[in-house]
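run.csv follows; it contains CSV, C-alpha atoms and all ligand atoms.
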```
chain,number,residue,atom,x,y,z
A,1,MET,CA,-21.7,18.5,-10.5
A,2,ASN,CA,-25.2,17.4,-11.7
A,3,THR,CA,-26.5,14.8,-9.2
A,4,GLY,CA,-28.5,12.0,-10.9
A,5,TYR,CA,-31.6,10.8,-9.1
A,6,LEU,CA,-33.1,7.3,-9.7
A,7,LYS,CA,-36.0,5.6,-8.1
A,8,VAL,CA,-35.4,2.0,-7.3
A,9,ASP,CA,-37.7,-0.8,-6.1
A,10,PRO,CA,-36.7,-1.3,-2.4
A,11,GLU,CA,-37.7,-5.0,-2.4
A,12,LYS,CA,-36.6,-6.1,-5.9
A,13,PRO,CA,-34.1,-3.6,-7.1
A,14,GLU,CA,-34.1,-3.3,-11.0
A,15,GLU,CA,-30.9,-4.8,-12.4
A,16,ASN,CA,-30.3,-2.0,-14.9
A,17,ILE,CA,-30.5,0.7,-12.1
A,18,ILE,CA,-28.1,-1.2,-9.8
A,19,GLU,CA,-25.7,-1.7,-12.7
A,20,GLU,CA,-25.8,2.0,-13.5
A,21,ALA,CA,-25.1,2.9,-9.9
A,22,ALA,CA,-22.4,0.2,-9.6
A,23,GLU,CA,-20.7,1.6,-12.7
A,24,VAL,CA,-20.4,5.0,-10.9
A,25,ILE,CA,-18.8,3.4,-7.9
A,26,ARG,CA,-16.4,1.3,-9.9
A,27,ALA,CA,-15.3,4.5,-11.7
A,28,GLY,CA,-14.5,6.2,-8.4
A,29,GLY,CA,-17.7,8.2,-8.0
A,30,LEU,CA,-20.2,8.5,-5.2
A,31,VAL,CA,-23.7,7.0,-4.9
A,32,ALA,CA,-26.2,7.6,-2.0
A,33,PHE,CA,-28.2,4.5,-1.4
A,34,PRO,CA,-30.8,3.2,1.2
A,35,THR,CA,-30.0,0.8,3.9
A,36,GLU,CA,-32.3,-0.6,6.7
A,37,THR,CA,-30.8,2.0,9.1
A,38,VAL,CA,-30.2,5.3,7.3
A,39,TYR,CA,-29.1,6.3,3.8
A,40,GLY,CA,-25.4,5.8,3.1
A,41,LEU,CA,-23.0,7.8,0.9
A,42,GLY,CA,-21.0,5.1,-0.9
A,43,GLY,CA,-17.7,4.9,-2.7
A,44,ASP,CA,-15.3,2.0,-3.4
A,45,ALA,CA,-13.6,1.2,0.0
A,46,PHE,CA,-10.4,0.2,-1.7
A,47,MET,CA,-10.0,3.4,-3.6
A,48,ALA,CA,-8.4,6.0,-1.4
A,49,GLU,CA,-9.6,8.8,-3.8
A,50,SER,CA,-13.2,7.7,-3.4
A,51,SER,CA,-12.9,8.0,0.4
A,52,LYS,CA,-11.4,11.4,0.1
A,53,LYS,CA,-14.3,12.5,-2.1
A,54,ILE,CA,-16.7,11.2,0.6
A,55,TYR,CA,-15.1,13.4,3.2
A,56,ALA,CA,-15.2,16.4,0.9
A,57,ALA,CA,-18.9,15.9,-0.1
A,58,LYS,CA,-20.0,15.7,3.5
A,59,GLY,CA,-17.7,18.3,4.8
A,60,ARG,CA,-16.5,15.7,7.3
A,61,PRO,CA,-13.2,15.7,9.1
A,62,SER,CA,-10.9,13.1,7.5
A,63,ASP,CA,-9.9,11.6,10.8
A,64,ASN,CA,-13.5,10.2,11.2
A,65,PRO,CA,-13.4,6.7,9.8
A,66,LEU,CA,-15.9,5.2,7.3
A,67,ILE,CA,-17.8,1.9,7.7
A,68,VAL,CA,-16.9,-0.7,5.0
A,69,HIS,CA,-20.1,-2.4,3.8
A,70,ILE,CA,-19.8,-6.0,2.6
A,71,ALA,CA,-22.3,-8.5,1.2
A,72,ASP,CA,-20.6,-11.9,2.1
A,73,ILE,CA,-18.6,-13.1,5.0
A,74,GLU,CA,-15.5,-14.0,2.8
A,75,ALA,CA,-15.1,-10.2,2.2
A,76,ALA,CA,-14.5,-9.7,5.9
A,77,GLU,CA,-11.0,-11.3,5.6
A,78,LYS,CA,-10.1,-8.9,2.9
A,79,ALA,CA,-11.1,-5.8,4.8
A,80,GLY,CA,-9.9,-6.9,8.2
A,81,SER,CA,-7.2,-9.1,9.8
A,82,ASP,CA,-6.8,-11.2,13.0
A,83,ILE,CA,-10.5,-11.5,13.1
A,84,PRO,CA,-11.6,-12.9,16.5
A,85,GLY,CA,-14.1,-15.6,17.1
A,86,GLU,CA,-16.7,-13.1,18.5
A,87,PHE,CA,-16.9,-11.6,15.1
A,88,TYR,CA,-18.2,-14.8,13.6
A,89,LEU,CA,-20.6,-15.5,16.5
A,90,LEU,CA,-22.1,-12.0,16.0
A,91,SER,CA,-22.2,-12.2,12.2
A,92,ASP,CA,-24.0,-15.5,12.4
A,93,ALA,CA,-26.5,-14.0,14.8
A,94,PHE,CA,-27.1,-10.5,13.3
A,95,TRP,CA,-25.8,-10.3,9.7
A,96,PRO,CA,-27.1,-9.1,7.4
A,97,GLY,CA,-28.4,-6.4,9.7
A,98,PRO,CA,-27.9,-3.2,11.7
A,99,LEU,CA,-24.6,-4.2,13.4
A,100,THR,CA,-21.2,-2.8,12.7
A,101,MET,CA,-18.1,-4.6,14.1
A,102,ILE,CA,-14.6,-3.2,14.5
A,103,VAL,CA,-11.5,-5.4,14.0
A,104,LYS,CA,-7.9,-4.9,13.0
A,105,ARG,CA,-7.5,-3.4,9.5
A,106,ASN,CA,-6.2,-5.5,6.6
A,107,PRO,CA,-3.0,-3.8,5.4
A,108,ASP,CA,-4.6,-3.5,1.9
A,109,MET,CA,-7.5,-1.4,3.3
A,110,PRO,CA,-6.5,2.3,2.6
A,111,LEU,CA,-5.9,4.5,5.7
A,112,GLU,CA,-8.0,7.1,3.9
A,113,THR,CA,-11.0,4.8,4.5
A,114,THR,CA,-10.2,4.0,8.1
A,115,GLY,CA,-9.5,7.6,9.0
A,116,GLY,CA,-5.9,6.8,9.7
A,117,LEU,CA,-6.7,4.1,12.2
A,118,ASP,CA,-5.3,0.6,12.3
A,119,THR,CA,-8.8,-0.9,12.7
A,120,VAL,CA,-11.7,-1.2,10.3
A,121,ALA,CA,-15.4,-1.0,10.9
A,122,MET,CA,-17.5,-3.5,8.8
A,123,ARG,CA,-21.2,-4.0,8.3
A,124,MET,CA,-23.4,-6.3,6.1
A,125,PRO,CA,-26.6,-4.4,5.5
A,126,SER,CA,-29.9,-6.3,5.0
A,127,HIS,CA,-31.5,-3.8,2.6
A,128,PRO,CA,-31.9,-5.5,-0.8
A,129,VAL,CA,-30.7,-2.3,-2.6
A,130,ALA,CA,-27.6,-2.1,-0.5
A,131,GLU,CA,-26.8,-5.7,-0.9
A,132,ALA,CA,-27.3,-5.7,-4.7
A,133,LEU,CA,-25.2,-2.5,-5.0
A,134,ILE,CA,-22.3,-3.9,-2.9
A,135,ARG,CA,-22.2,-7.1,-5.0
A,136,ALA,CA,-22.4,-5.3,-8.3
A,137,SER,CA,-19.7,-2.7,-7.3
A,138,GLY,CA,-17.0,-5.2,-6.4
A,139,GLY,CA,-17.9,-6.1,-2.8
A,140,PHE,CA,-16.6,-3.2,-0.6
A,141,ILE,CA,-18.5,0.0,-0.3
A,142,ALA,CA,-17.2,2.6,2.2
A,143,ALA,CA,-20.2,4.6,3.4
A,144,PRO,CA,-20.9,7.0,6.2
A,145,SER,CA,-24.5,8.3,6.6
A,146,ALA,CA,-25.4,10.4,3.6
A,147,ASN,CA,-26.0,13.7,5.4
A,148,ALA,CA,-23.9,16.9,5.4
A,149,SER,CA,-21.6,16.7,8.5
A,150,GLY,CA,-23.4,17.9,11.6
A,151,ARG,CA,-26.9,17.4,10.2
A,152,PRO,CA,-29.3,14.6,11.4
A,153,SER,CA,-28.7,11.3,9.4
A,154,PRO,CA,-31.0,11.0,6.3
A,155,THR,CA,-33.8,8.5,6.4
A,156,THR,CA,-35.3,9.4,3.0
A,157,ALA,CA,-33.8,10.3,-0.4
A,158,LYS,CA,-35.2,13.8,0.0
A,159,HIS,CA,-33.1,14.3,3.1
A,160,VAL,CA,-30.0,13.3,1.0
A,161,LYS,CA,-30.9,15.6,-1.8
A,162,ASP,CA,-31.5,18.5,0.7
A,163,ASP,CA,-27.9,18.0,2.0
A,164,LEU,CA,-25.8,16.7,-0.9
A,165,ASP,CA,-27.4,17.8,-4.2
A,166,GLY,CA,-24.7,18.9,-6.6
A,167,ARG,CA,-21.9,17.3,-4.5
A,168,ILE,CA,-22.3,13.6,-5.4
A,169,ASP,CA,-22.9,11.7,-8.6
A,170,LEU,CA,-26.1,9.8,-7.9
A,171,ILE,CA,-28.9,9.3,-5.4
A,172,LEU,CA,-30.9,6.0,-5.4
A,173,ASP,CA,-34.3,6.6,-4.0
A,174,GLY,CA,-35.6,3.4,-2.4
A,175,GLY,CA,-38.1,5.1,0.0
A,176,SER,CA,-37.7,5.5,3.7
A,177,CYS,CA,-35.4,3.5,5.9
A,178,SER,CA,-37.3,1.2,8.3
A,179,ILE,CA,-35.1,1.5,11.3
A,180,GLY,CA,-34.1,5.1,11.1
A,181,LEU,CA,-31.2,5.1,13.5
A,182,GLU,CA,-27.6,4.2,12.6
A,183,SER,CA,-26.3,0.7,13.3
A,184,THR,CA,-25.0,-0.5,16.7
A,185,ILE,CA,-21.2,-0.3,16.7
A,186,VAL,CA,-19.3,-2.9,18.7
A,187,ASP,CA,-15.5,-2.8,19.0
A,188,LEU,CA,-13.9,-6.3,18.9
A,189,SER,CA,-10.3,-5.0,18.4
A,190,CYS,CA,-9.1,-4.9,21.9
A,191,GLY,CA,-10.2,-7.4,24.6
A,192,LYS,CA,-13.7,-7.2,26.0
A,193,PRO,CA,-16.3,-6.2,23.4
A,194,GLN,CA,-17.4,-2.7,23.8
A,195,ILE,CA,-20.4,-0.8,22.4
A,196,LEU,CA,-19.3,2.5,20.9
A,197,ARG,CA,-22.7,3.5,19.5
A,198,PRO,CA,-26.0,2.0,20.7
A,199,GLY,CA,-28.5,0.9,18.0
A,200,PHE,CA,-31.2,-1.5,17.1
A,201,ILE,CA,-29.1,-4.5,18.2
A,202,THR,CA,-29.1,-3.9,21.9
A,203,LYS,CA,-26.6,-4.7,24.6
A,204,GLU,CA,-28.8,-7.5,25.8
A,205,MET,CA,-29.0,-9.0,22.4
A,206,LEU,CA,-25.2,-8.9,22.1
A,207,GLU,CA,-24.8,-10.4,25.6
A,208,ASP,CA,-27.1,-13.3,24.7
A,209,VAL,CA,-24.4,-14.3,22.1
A,210,LEU,CA,-21.2,-13.2,23.8
A,211,GLY,CA,-21.7,-13.0,27.5
A,212,GLY,CA,-20.4,-9.7,28.9
A,213,VAL,CA,-20.3,-6.6,26.7
A,214,ASP,CA,-19.3,-3.1,27.9
A,215,LEU,CA,-20.7,0.3,27.0
A,216,ASP,CA,-18.4,3.1,26.1
A,217,PRO,CA,-18.8,5.1,29.4
A,218,THR,CA,-18.7,8.4,27.4
A,219,LEU,CA,-22.0,7.6,25.7
A,220,PHE,CA,-24.1,9.1,28.4
A,221,LYS,CA,-21.6,11.2,30.3
A,222,PRO,CA,-19.5,13.3,28.0
A,223,SER,CA,-17.4,14.2,31.1
A,224,ALA,CA,-16.2,10.5,31.2
A,225,GLY,CA,-13.6,11.2,28.6
A,226,ARG,CA,-13.1,10.9,24.9
A,227,PRO,CA,-15.5,8.6,22.9
A,228,LYS,CA,-13.7,5.8,21.1
A,229,ALA,CA,-15.6,6.2,17.9
A,230,PRO,CA,-14.3,9.5,16.5
A,231,GLY,CA,-17.7,10.3,15.0
A,232,MET,CA,-19.3,10.3,18.5
A,233,ARG,CA,-16.9,13.2,19.5
A,234,TYR,CA,-18.4,15.7,17.1
A,235,ARG,CA,-21.6,17.5,17.9
A,236,HIS,CA,-23.9,15.5,15.8
A,237,TYR,CA,-27.6,15.2,14.9
A,238,ALA,CA,-27.8,18.8,15.7
A,239,PRO,CA,-31.0,20.8,15.0
A,240,GLN,CA,-30.5,24.5,14.5
A,241,GLY,CA,-32.9,25.3,17.4
A,242,GLU,CA,-31.9,25.4,21.1
A,243,MET,CA,-33.0,22.0,22.4
A,244,HIS,CA,-33.6,20.6,25.9
A,245,ILE,CA,-34.8,17.2,27.2
A,246,TYR,CA,-37.1,17.2,30.2
A,247,ILE,CA,-36.9,14.1,32.4
A,248,GLY,CA,-39.3,13.3,35.2
A,249,GLU,CA,-42.8,12.3,36.1
A,250,GLN,CA,-45.1,12.9,33.1
A,251,GLN,CA,-47.4,15.4,34.6
A,252,ALA,CA,-44.6,17.5,36.0
A,253,VAL,CA,-42.7,17.3,32.7
A,254,SER,CA,-45.7,18.6,30.7
A,255,SER,CA,-46.2,21.5,33.1
A,256,ARG,CA,-42.5,22.5,33.0
A,257,ILE,CA,-42.5,22.3,29.2
A,258,ASN,CA,-45.6,24.5,29.0
A,259,ALA,CA,-43.9,27.0,31.3
A,260,GLU,CA,-40.8,27.1,29.0
A,261,LEU,CA,-43.0,27.5,25.9
A,262,ASP,CA,-44.8,30.5,27.5
A,263,LYS,CA,-41.4,32.1,28.2
A,264,ALA,CA,-40.1,31.5,24.7
A,265,LYS,CA,-43.3,32.7,23.1
A,266,ALA,CA,-43.2,35.9,25.2
A,267,TYR,CA,-39.9,36.6,23.4
A,268,GLY,CA,-41.5,35.9,20.1
A,269,ARG,CA,-39.5,32.7,19.5
A,270,ARG,CA,-40.8,29.9,17.4
A,271,CYS,CA,-41.3,26.7,19.5
A,272,GLY,CA,-41.5,23.0,18.9
A,273,VAL,CA,-42.2,20.0,21.1
A,274,ILE,CA,-41.3,16.4,20.7
A,275,CYS,CA,-43.8,14.3,22.6
A,276,THR,CA,-46.0,11.2,22.3
A,277,GLU,CA,-49.6,10.3,21.5
A,278,GLU,CA,-50.3,10.2,25.2
A,279,THR,CA,-49.3,13.8,25.8
A,280,LYS,CA,-49.6,15.6,22.5
A,281,ASP,CA,-52.9,17.4,23.5
A,282,LYS,CA,-51.2,19.0,26.4
A,283,TYR,CA,-49.1,21.5,24.4
A,284,ALA,CA,-49.6,24.6,22.3
A,285,ALA,CA,-46.6,25.5,20.1
A,286,ASP,CA,-45.7,26.3,16.5
A,287,MET,CA,-45.0,22.6,16.0
A,288,VAL,CA,-46.1,19.8,18.3
A,289,VAL,CA,-44.8,16.5,17.0
A,290,SER,CA,-45.9,13.2,18.4
A,291,VAL,CA,-43.5,10.4,17.5
A,292,GLY,CA,-46.1,7.7,18.3
A,293,SER,CA,-47.0,5.8,21.4
A,294,ARG,CA,-44.7,6.0,24.5
A,295,GLU,CA,-44.6,2.2,24.4
A,296,ASP,CA,-43.3,2.0,20.8
A,297,VAL,CA,-39.6,2.9,20.8
A,298,LYS,CA,-39.1,1.5,17.3
A,299,GLY,CA,-41.7,3.8,15.9
A,300,ALA,CA,-40.2,6.8,17.7
A,301,ALA,CA,-36.7,6.0,16.6
A,302,ALA,CA,-37.8,5.7,13.0
A,303,GLU,CA,-39.3,9.2,13.1
A,304,ILE,CA,-36.8,11.2,15.1
A,305,TYR,CA,-34.4,12.4,12.4
A,306,SER,CA,-37.2,13.4,10.1
A,307,VAL,CA,-38.7,15.4,13.0
A,308,LEU,CA,-35.4,17.2,13.8
A,309,ARG,CA,-35.0,18.1,10.1
A,310,GLU,CA,-38.6,19.4,10.0
A,311,PHE,CA,-37.9,21.7,12.9
A,312,ASP,CA,-35.0,23.2,11.0
A,313,ASP,CA,-37.1,23.5,7.8
A,314,ARG,CA,-39.8,25.4,9.7
A,315,GLY,CA,-37.3,27.7,11.5
A,316,ILE,CA,-38.0,26.4,15.0
A,317,GLU,CA,-35.8,28.2,17.5
A,318,VAL,CA,-36.7,26.5,20.8
A,319,ILE,CA,-37.2,22.7,21.1
A,320,CYS,CA,-38.6,21.0,24.2
A,321,SER,CA,-38.4,17.2,24.1
A,322,GLU,CA,-39.9,14.6,26.4
A,323,ALA,CA,-37.7,11.7,27.4
A,324,PHE,CA,-38.1,8.0,26.7
A,325,SER,CA,-37.2,4.9,28.7
A,326,GLU,CA,-33.5,3.9,28.4
A,327,GLU,CA,-34.3,0.2,28.5
A,328,GLY,CA,-33.2,-1.9,25.6
A,329,TYR,CA,-33.5,-0.1,22.3
A,330,GLY,CA,-34.6,3.0,24.1
A,331,LEU,CA,-30.9,3.6,25.0
A,332,ALA,CA,-30.1,4.2,21.3
A,333,LEU,CA,-33.0,6.7,20.9
A,334,MET,CA,-32.0,8.6,24.1
A,335,ASN,CA,-28.4,8.6,23.0
A,336,ARG,CA,-29.3,10.4,19.8
A,337,LEU,CA,-31.6,12.9,21.6
A,338,TYR,CA,-28.8,13.6,24.2
A,339,LYS,CA,-26.4,14.4,21.3
A,340,ALA,CA,-29.0,16.4,19.4
A,341,CYS,CA,-29.4,18.7,22.4
A,342,GLY,CA,-25.7,18.8,23.4
A,343,TYR,CA,-26.6,17.0,26.7
A,344,GLN,CA,-28.8,19.9,27.9
A,345,VAL,CA,-31.0,17.9,30.2
A,346,VAL,CA,-33.5,19.3,32.7
A,347,ARG,CA,-34.6,17.0,35.6
A,348,VAL,CA,-38.1,18.0,36.7
B,1,LIG,O1,-26.1,2.4,10.1
B,1,LIG,C1,-25.0,2.8,9.8
B,1,LIG,O2,-24.0,2.4,10.4
B,1,LIG,C2,-24.9,3.8,8.6
B,1,LIG,C3,-25.3,3.1,7.3
B,1,LIG,C4,-25.1,4.0,6.1
B,1,LIG,O3,-24.6,1.9,7.2
B,1,LIG,N1,-23.6,4.4,8.6
B,1,LIG,C5,-23.1,5.3,9.5
B,1,LIG,O4,-21.8,5.7,9.2
B,1,LIG,O5,-23.7,5.6,10.4
B,1,LIG,P1,-21.2,7.0,9.9
B,1,LIG,O6,-19.9,7.3,9.2
B,1,LIG,O7,-22.2,8.1,9.9
B,1,LIG,O8,-20.9,6.6,11.3
B,1,LIG,C6,-19.8,5.7,11.5
B,1,LIG,C7,-19.3,5.8,12.9
B,1,LIG,C8,-18.5,7.1,13.2
B,1,LIG,O9,-18.9,7.5,14.5
B,1,LIG,C9,-17.1,6.6,13.1
B,1,LIG,O10,-16.3,7.4,13.9
B,1,LIG,C10,-17.2,5.2,13.7
B,1,LIG,O11,-18.4,4.7,13.1
B,1,LIG,N2,-16.1,4.3,13.2
B,1,LIG,C11,-15.9,3.9,12.0
B,1,LIG,N3,-14.7,3.1,11.9
B,1,LIG,C12,-14.2,3.1,13.2
B,1,LIG,C13,-13.1,2.5,13.8
B,1,LIG,N4,-12.2,1.8,13.1
B,1,LIG,N5,-12.9,2.7,15.1
B,1,LIG,C14,-13.8,3.5,15.8
B,1,LIG,N6,-14.9,4.0,15.3
B,1,LIG,C15,-15.1,3.9,14.0
B,2,MG,MG,-23.1,9.8,10.4
```

Take the structure in the file and write it out as structure tokens.
Ligand code: TXA
Ligand code: MG
Amino acid sequence: MNTGYLKVDPEKPEENIIEEAAEVIRAGGLVAFPTETVYGLGGDAFMAESSKKIYAAKGRPSDNPLIVHIADIEAAEKAGSDIPGEFYLLSDAFWPGPLTMIVKRNPDMPLETTGGLDTVAMRMPSHPVAEALIRASGGFIAAPSANASGRPSPTTAKHVKDDLDGRIDLILDGGSCSIGLESTIVDLSCGKPQILRPGFITKEMLEDVLGGVDLDPTLFKPSAGRPKAPGMRYRHYAPQGEMHIYIGEQQAVSSRINAELDKAKAYGRRCGVICTEETKDKYAADMVVSVGSREDVKGAAAEIYSVLREFDDRGIEVICSEAFSEEGYGLALMNRLYKACGYQVVRV
């Protein structure tokens, strides 16, 4: 398949380009498009065949449900059913934006889209291109992140092209995604709200609206059981190199990372370091990447997937990462880093 590629204005998307992309989706095809979190790979959520194509293009297991993207609140009733009051409290507070909510599935929503589950995940993105495309395509776009399964989520159209060129109909290039980590997922389908995937909308922000909110205990302890979001069970965001996270007092961490780098270099292995402006001068490696100031979690989160992809592009075999605070939004960043390294943590 020849994959089309169109640049689109991220602030004021050109109508003719949105119309061309919407036509592809209405005809059952697949379009990658920017959102404020990461690029999505979209198909019509009500067409079972489109959802099947999404799984095939990504190489994704078909029991891993897709998020249904909507552009107005009325659409929620058509995708879901028995929608609880919490859903409307949170949609008032955070939609459009980087929050996904899980409720009971509407019987009309194909099981192919929900990965066979009787629940459905919904999100109303705030990116103007995403919003325009959803409206023009009929109101319901099923979209996972537009990466090949197992690769870091794409935050630029180039990342999408690297993974999916020749496998989908069209890529809309609207520049880089401002947030850079996938949406927060909160499950409202069974009793007390539970965060299945941390993101930009933090536990504290959700609790300000709802009161108590739980965290899926498996998020930081894989031994705690089976994650409730099927996608969190797979090894994800995985760079090709062997990665460890070093946690501890900054000076000790830097010394330990340098010792590991010396060892790896002695074996002739290509090494990379993920660090911050405050520490970047302490390391010598094939790639030393500062993701910004230690205080700026937003900045680091926006960079992290690009950095992991660049390590792969440059054939880095050993990756040493510093750790970040797990306060607030830092929890989401650390969750992705833990997953990227398969929970290989070294406490210094
Ligand atoms: O920011 C985002 O959410 C991006 C953009 C494109 O919107 N999308 C995204 O989709 O990250 P994806 O498919 O890569 O991740 C969706 C996650 C998966 O872990 C999936 O298992 C989980 O959501 N999920 C979807 N529906 C679910 C459901 N009904 N119950 C539990 N988990 C669900
Ligand atoms: Mg994904």

> How would you write, as a ChimeraX atom specification, the set of residues no farther than 8 Å from ligand MG 2 (chain B) when counting only C-alpha atoms and all ligand atoms?
Replying inline: /A:144-147,149,152-153,182,231,236

Generate a file of the selected residues that holds C-alpha atoms, formatted as a compact mmCIF listing (two decimals), keeping the file's coordinate frame.
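Output below, filename part38.txt:
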```
# COMPACT_ATOMS: atom_id res chain seq x y z
CA PRO A 144 -20.90 7.00 6.20
CA SER A 145 -24.50 8.30 6.60
CA ALA A 146 -25.40 10.40 3.60
CA ASN A 147 -26.00 13.70 5.40
CA SER A 149 -21.60 16.70 8.50
CA PRO A 152 -29.30 14.60 11.40
CA SER A 153 -28.70 11.30 9.40
CA GLU A 182 -27.60 4.20 12.60
CA GLY A 231 -17.70 10.30 15.00
CA HIS A 236 -23.90 15.50 15.80
```

> Separation of atom CA of A:Ala45 and atom CA of A:Phe140, in Å?
Replying inline: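 A separation of 5.4 Å between them.
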
>> Need to verify the contact set: A:Gly139, 12 Å, all atoms listed in the file, exclusion of same-chain residues closer than 6 positions in sequence. Can you return it as a PyMOL selection string?
In response: chain A and resi 22+25-26+42-46+68-76+78-79+122-124+130-133

> Once you count only C-alpha atoms and all ligand atoms, which residues end up within 8 Å of ligand LIG 1 (chain B), and could you hand them over as a count of residues only?
Replying inline: 49

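Comparing A:Ile316, A:Met243, A:Leu6, A:Met287 by their smallest distance to A:Val346, the closest is A:Met243 (using only C-alpha atoms).
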